[in-house]
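Colleague: One structure follows; several queries about it will come next.
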Amino acid sequence: MIDYKELPFLVNKNQSAWIRFFKKNKKKIENADVFIHDLHHAIVAKTDCLSCGNCCRSLGPRITNKDIERIAKSLRMKGADFISKYLVIDEDNDFIFKSMPCPFLGADNFCAIYDVRPKACSEYPHTDRKKFYQLYMLSVKNASTCPIVYEVLEGINKAV
Ligand code: SF4
Ligand code: SF4
């Protein structure tokens, strides 16, 4: 597994090639969801997120009203108290955590609310999404944070 600390350097080195590849092979990538999802699952299986935790330290997930309801209930808090203790509204008018690293991230990289975590957290890093080609450019950005995304993009560029 690639150390997340190496990602900014590696992405800087490769991102122009990824973008060029995407522009040249849009059609192929559009039809490659099955391959990309298999690649995603193979990379996730050999990745130890507990030795990384970089997304939970550096990205602020969008938190929906349903997330708030579910998490507050599990913490036996009122929704309004949960909001005032943990959340702020960002420039897109979405709730996000007041501060990162996430207040629910433990020193061992475990998530204290894993079973009820925000939907955005459970879907990250999105490399198994349908119509992945729509997320390709976002993934080029996410690759600086997440070793899984980096390896998926490298895999696509080598094989599609
Ligand atoms: S809620 Fe859990 S999964 Fe989401 S950022 Fe915080 S620690 Fe990570
Ligand atoms: S999803 Fe990516 S950034 Fe988050 S802990 Fe796993 S490997 Fe690290």
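By order in the structure tokens, chains are A, B, ...; within a chain, residues start at 1; ligands start at 1, following the order shown.
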What residues have any atom no more than 12 Å from ligand 1 when counting only C-alpha atoms and all ligand atoms, and can you list them as a PyMOL selection string?

Modeller: chain A and resi 49-50+52-63+67-68+70-71+86-87+96-125

Colleague: Restrict the selected residues to N, CA and C atoms and save them as a compact mmCIF listing (two decimals), in the first residue's frame.

Modeller:
```txt
# COMPACT_ATOMS: atom_id res chain seq x y z
N CYS A 49 -7.04 0.66 5.70
CA CYS A 49 -7.44 2.04 5.99
C CYS A 49 -7.06 2.45 7.42
N LEU A 50 -6.96 1.47 8.31
CA LEU A 50 -6.63 1.82 9.71
C LEU A 50 -5.17 2.26 9.86
N CYS A 52 -3.96 4.29 7.67
CA CYS A 52 -3.95 5.54 6.89
C CYS A 52 -4.80 6.62 7.58
N GLY A 53 -6.10 6.55 7.39
CA GLY A 53 -7.00 7.52 8.04
C GLY A 53 -6.89 8.93 7.46
N ASN A 54 -6.23 9.04 6.31
CA ASN A 54 -5.97 10.39 5.79
C ASN A 54 -7.24 11.14 5.40
N CYS A 55 -8.25 10.42 4.85
CA CYS A 55 -9.51 11.11 4.48
C CYS A 55 -10.17 11.70 5.73
N CYS A 56 -10.13 10.97 6.82
CA CYS A 56 -10.80 11.43 8.05
C CYS A 56 -10.03 12.57 8.73
N ARG A 57 -8.77 12.71 8.36
CA ARG A 57 -7.99 13.82 8.91
C ARG A 57 -8.09 15.07 8.05
N SER A 58 -8.29 14.87 6.73
CA SER A 58 -8.13 16.03 5.86
C SER A 58 -9.34 16.46 5.04
N LEU A 59 -10.32 15.58 4.81
CA LEU A 59 -11.48 15.97 4.00
C LEU A 59 -12.68 16.17 4.90
N GLY A 60 -13.44 17.20 4.66
CA GLY A 60 -14.65 17.41 5.47
C GLY A 60 -15.85 16.82 4.75
N PRO A 61 -16.41 15.69 5.22
CA PRO A 61 -17.57 15.14 4.52
C PRO A 61 -18.80 16.04 4.65
N ARG A 62 -19.62 16.04 3.59
CA ARG A 62 -20.91 16.73 3.65
C ARG A 62 -21.82 15.88 4.53
N ILE A 63 -22.53 16.54 5.45
CA ILE A 63 -23.36 15.80 6.40
C ILE A 63 -24.82 16.18 6.19
N ASP A 67 -28.17 12.02 8.04
CA ASP A 67 -26.96 11.66 8.82
C ASP A 67 -27.09 12.22 10.23
N ILE A 68 -27.49 13.48 10.34
CA ILE A 68 -27.57 14.14 11.64
C ILE A 68 -28.56 13.40 12.54
N ARG A 70 -29.55 10.28 12.36
CA ARG A 70 -29.05 8.94 12.71
C ARG A 70 -27.92 9.01 13.74
N ILE A 71 -26.96 9.93 13.51
CA ILE A 71 -25.79 9.99 14.40
C ILE A 71 -26.21 10.52 15.77
N TYR A 86 -20.94 19.96 16.99
CA TYR A 86 -19.98 19.41 16.02
C TYR A 86 -19.96 20.06 14.63
N LEU A 87 -21.03 20.78 14.25
CA LEU A 87 -21.15 21.14 12.83
C LEU A 87 -21.13 22.65 12.56
N ILE A 96 -20.91 20.59 7.60
CA ILE A 96 -19.64 19.85 7.65
C ILE A 96 -19.17 19.89 9.11
N PHE A 97 -18.18 19.08 9.46
CA PHE A 97 -17.65 19.14 10.82
C PHE A 97 -16.96 20.49 11.07
N LYS A 98 -17.07 20.96 12.31
CA LYS A 98 -16.47 22.24 12.67
C LYS A 98 -14.98 22.25 12.44
N SER A 99 -14.36 21.09 12.69
CA SER A 99 -12.90 21.06 12.53
C SER A 99 -12.49 19.69 12.03
N MET A 100 -11.39 19.69 11.36
CA MET A 100 -10.77 18.42 10.93
C MET A 100 -9.40 18.39 11.57
N PRO A 101 -8.81 17.25 11.95
CA PRO A 101 -9.36 15.91 11.82
C PRO A 101 -10.75 15.77 12.42
N CYS A 102 -11.50 14.82 11.88
CA CYS A 102 -12.86 14.59 12.33
C CYS A 102 -12.90 14.32 13.84
N PRO A 103 -13.87 14.92 14.55
CA PRO A 103 -13.94 14.71 16.00
C PRO A 103 -14.21 13.26 16.40
N PHE A 104 -14.62 12.42 15.44
CA PHE A 104 -14.91 11.02 15.77
C PHE A 104 -13.79 10.07 15.38
N LEU A 105 -12.68 10.64 14.91
CA LEU A 105 -11.54 9.81 14.53
C LEU A 105 -10.67 9.56 15.76
N GLY A 106 -10.42 8.28 16.05
CA GLY A 106 -9.59 7.95 17.20
C GLY A 106 -8.11 7.97 16.85
N ALA A 107 -7.26 7.94 17.87
CA ALA A 107 -5.81 7.94 17.65
C ALA A 107 -5.39 6.67 16.89
N ASP A 108 -6.21 5.60 17.00
CA ASP A 108 -5.93 4.35 16.30
C ASP A 108 -6.57 4.32 14.90
N ASN A 109 -7.09 5.47 14.46
CA ASN A 109 -7.77 5.61 13.16
C ASN A 109 -9.12 4.92 13.09
N PHE A 110 -9.63 4.42 14.21
CA PHE A 110 -10.99 3.90 14.20
C PHE A 110 -11.98 5.06 14.23
N CYS A 111 -13.13 4.84 13.58
CA CYS A 111 -14.21 5.83 13.60
C CYS A 111 -15.16 5.47 14.75
N ALA A 112 -15.36 6.40 15.66
CA ALA A 112 -16.19 6.12 16.85
C ALA A 112 -17.67 5.97 16.50
N ILE A 113 -18.06 6.41 15.30
CA ILE A 113 -19.47 6.29 14.90
C ILE A 113 -19.60 5.48 13.60
N TYR A 114 -18.69 4.53 13.42
CA TYR A 114 -18.57 3.84 12.13
C TYR A 114 -19.91 3.32 11.60
N ASP A 115 -20.70 2.67 12.46
CA ASP A 115 -21.95 2.05 11.98
C ASP A 115 -22.99 3.07 11.53
N VAL A 116 -22.86 4.29 12.00
CA VAL A 116 -23.85 5.32 11.64
C VAL A 116 -23.18 6.52 10.96
N ARG A 117 -21.96 6.32 10.48
CA ARG A 117 -21.18 7.44 9.91
C ARG A 117 -21.92 8.11 8.75
N PRO A 118 -21.56 9.35 8.42
CA PRO A 118 -22.22 10.04 7.31
C PRO A 118 -22.14 9.22 6.02
N LYS A 119 -23.20 9.35 5.20
CA LYS A 119 -23.24 8.63 3.93
C LYS A 119 -21.99 8.94 3.08
N ALA A 120 -21.59 10.22 3.10
CA ALA A 120 -20.41 10.60 2.31
C ALA A 120 -19.18 9.82 2.74
N CYS A 121 -19.07 9.52 4.03
CA CYS A 121 -17.92 8.73 4.52
C CYS A 121 -18.03 7.30 4.02
N SER A 122 -19.25 6.74 4.08
CA SER A 122 -19.37 5.33 3.69
C SER A 122 -19.18 5.15 2.18
N GLU A 123 -19.39 6.20 1.41
CA GLU A 123 -19.23 6.08 -0.05
C GLU A 123 -17.81 6.42 -0.52
N TYR A 124 -17.03 7.05 0.34
CA TYR A 124 -15.67 7.43 -0.04
C TYR A 124 -14.83 6.17 -0.25
N PRO A 125 -13.94 6.06 -1.24
CA PRO A 125 -13.47 7.12 -2.14
C PRO A 125 -14.18 7.16 -3.50
```

Colleague: If you count only C-alpha atoms, which residues fall within 10 Å of stretch 155-160 of chain A, apart from same-chain ones fewer than 5 positions away, as a CSV table (one decimal) with N, CA and C atoms, in the first residue's frame?

Modeller:
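The result, written out as around-v1.csv:
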```
chain,number,residue,atom,x,y,z
A,17,ALA,N,-0.5,13.2,-17.2
A,17,ALA,CA,-0.7,12.0,-18.0
A,17,ALA,C,-2.1,11.4,-17.8
A,18,TRP,N,-2.6,11.4,-16.6
A,18,TRP,CA,-4.0,10.9,-16.3
A,18,TRP,C,-5.0,11.7,-17.1
A,19,ILE,N,-4.8,13.0,-17.1
A,19,ILE,CA,-5.8,13.9,-17.7
A,19,ILE,C,-5.7,13.7,-19.2
A,21,PHE,N,-4.8,11.1,-20.8
A,21,PHE,CA,-5.3,9.7,-21.1
A,21,PHE,C,-6.9,9.8,-21.1
A,22,PHE,N,-7.4,10.5,-20.1
A,22,PHE,CA,-8.9,10.6,-20.0
A,22,PHE,C,-9.5,11.3,-21.3
A,25,ASN,N,-9.3,8.9,-24.2
A,25,ASN,CA,-10.0,7.6,-24.0
A,25,ASN,C,-11.4,7.6,-23.4
A,28,LYS,N,-13.8,4.8,-24.0
A,28,LYS,CA,-13.4,3.5,-23.4
A,28,LYS,C,-13.7,3.5,-21.9
A,29,ILE,N,-13.4,4.7,-21.3
A,29,ILE,CA,-13.6,4.7,-19.8
A,29,ILE,C,-15.1,4.7,-19.5
A,31,ASN,N,-17.2,3.0,-20.8
A,31,ASN,CA,-17.7,1.6,-20.9
A,31,ASN,C,-16.9,0.7,-20.0
A,32,ALA,N,-16.2,1.2,-19.1
A,32,ALA,CA,-15.3,0.3,-18.3
A,32,ALA,C,-15.6,0.2,-16.9
A,35,PHE,N,-14.8,-3.2,-15.2
A,35,PHE,CA,-13.3,-3.3,-15.0
A,35,PHE,C,-12.9,-2.5,-13.8
A,36,ILE,N,-13.4,-1.2,-13.8
A,36,ILE,CA,-13.0,-0.3,-12.7
A,36,ILE,C,-13.5,-0.7,-11.4
A,39,LEU,N,-11.3,-3.5,-10.2
A,39,LEU,CA,-10.1,-2.9,-9.8
A,39,LEU,C,-10.2,-2.3,-8.4
A,40,HIS,N,-11.3,-1.5,-8.2
A,40,HIS,CA,-11.5,-0.9,-6.9
A,40,HIS,C,-11.6,-2.0,-5.8
A,43,ILE,N,-8.2,-3.5,-5.0
A,43,ILE,CA,-7.3,-2.5,-4.3
A,43,ILE,C,-7.8,-2.3,-2.8
A,149,VAL,N,-7.6,5.7,-4.4
A,149,VAL,CA,-7.9,6.4,-5.7
A,149,VAL,C,-6.6,6.5,-6.6
A,150,TYR,N,-5.5,6.7,-6.0
A,150,TYR,CA,-4.3,6.8,-6.7
A,150,TYR,C,-4.1,5.5,-7.5
```

Colleague: Calculated over only C-alpha atoms and all ligand atoms, which of the candidates A:Leu10, A:Ile2, A:Leu135, A:Ile148 has the smallest distance to ligand 2?

Modeller: A:Ile148

Colleague: Taking only C-alpha atoms and all ligand atoms into account, which of A:Lys46, A:Lys131, A:His37, A:Lys23 comes nearest ligand 2?

Modeller: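 Looking only at the distances to ligand 2, the closest residue turns out to be A:Lys46.
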
Colleague: May I have all residues of stretch 41-122 of chain A that DSSP, computed from the backbone, assigns to helix (DSSP H, G or I), given as a short mmCIF file (atom, residue, chain, number, x, y, z; two decimals) with C-alpha atoms, in the first residue's frame?

Modeller:
```cif
data_model
loop_
_atom_site.label_atom_id
_atom_site.label_comp_id
_atom_site.auth_asym_id
_atom_site.auth_seq_id
_atom_site.Cartn_x
_atom_site.Cartn_y
_atom_site.Cartn_z
CA HIS A 41 -12.49 -4.07 -4.95
CA ALA A 42 -9.07 -5.68 -5.50
CA ILE A 43 -7.29 -2.53 -4.27
CA VAL A 44 -9.63 -2.04 -1.29
CA ALA A 45 -9.02 -5.68 -0.28
CA CYS A 49 -7.44 2.04 5.99
CA LEU A 50 -6.63 1.82 9.71
CA SER A 51 -2.97 2.46 8.95
CA ASN A 54 -5.97 10.39 5.79
CA CYS A 55 -9.51 11.11 4.48
CA CYS A 56 -10.80 11.43 8.05
CA ARG A 57 -7.99 13.82 8.91
CA SER A 58 -8.13 16.03 5.86
CA ASN A 65 -30.09 15.89 7.68
CA LYS A 66 -30.56 12.11 7.64
CA ASP A 67 -26.96 11.66 8.82
CA ILE A 68 -27.57 14.14 11.64
CA GLU A 69 -30.74 12.37 12.73
CA ARG A 70 -29.05 8.94 12.71
CA ILE A 71 -25.79 9.99 14.40
CA ALA A 72 -27.48 12.16 17.05
CA LYS A 73 -29.82 9.29 17.91
CA SER A 74 -26.91 6.88 18.32
CA GLY A 79 -30.23 16.89 16.62
CA ALA A 80 -29.90 20.59 17.51
CA ASP A 81 -27.32 19.81 20.23
CA PHE A 82 -25.35 17.61 17.83
CA ILE A 83 -25.34 20.42 15.27
CA SER A 84 -24.23 23.06 17.73
CA LYS A 85 -21.49 20.86 19.21
CA TYR A 86 -19.98 19.41 16.02
CA TYR A 114 -18.57 3.84 12.13
CA ASP A 115 -21.95 2.05 11.98
CA VAL A 116 -23.85 5.32 11.64
CA LYS A 119 -23.24 8.63 3.93
CA ALA A 120 -20.41 10.60 2.31
CA CYS A 121 -17.92 8.73 4.52
CA SER A 122 -19.37 5.33 3.69
#
```

Colleague: Restricting the calculation to only C-alpha atoms and all ligand atoms: of A:Leu75, A:Asp48, A:Asn14, A:Glu154, which residue gets closest to ligand 2?

Modeller: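 Looking at the shortest contact to ligand 2, the residue is A:Asp48.
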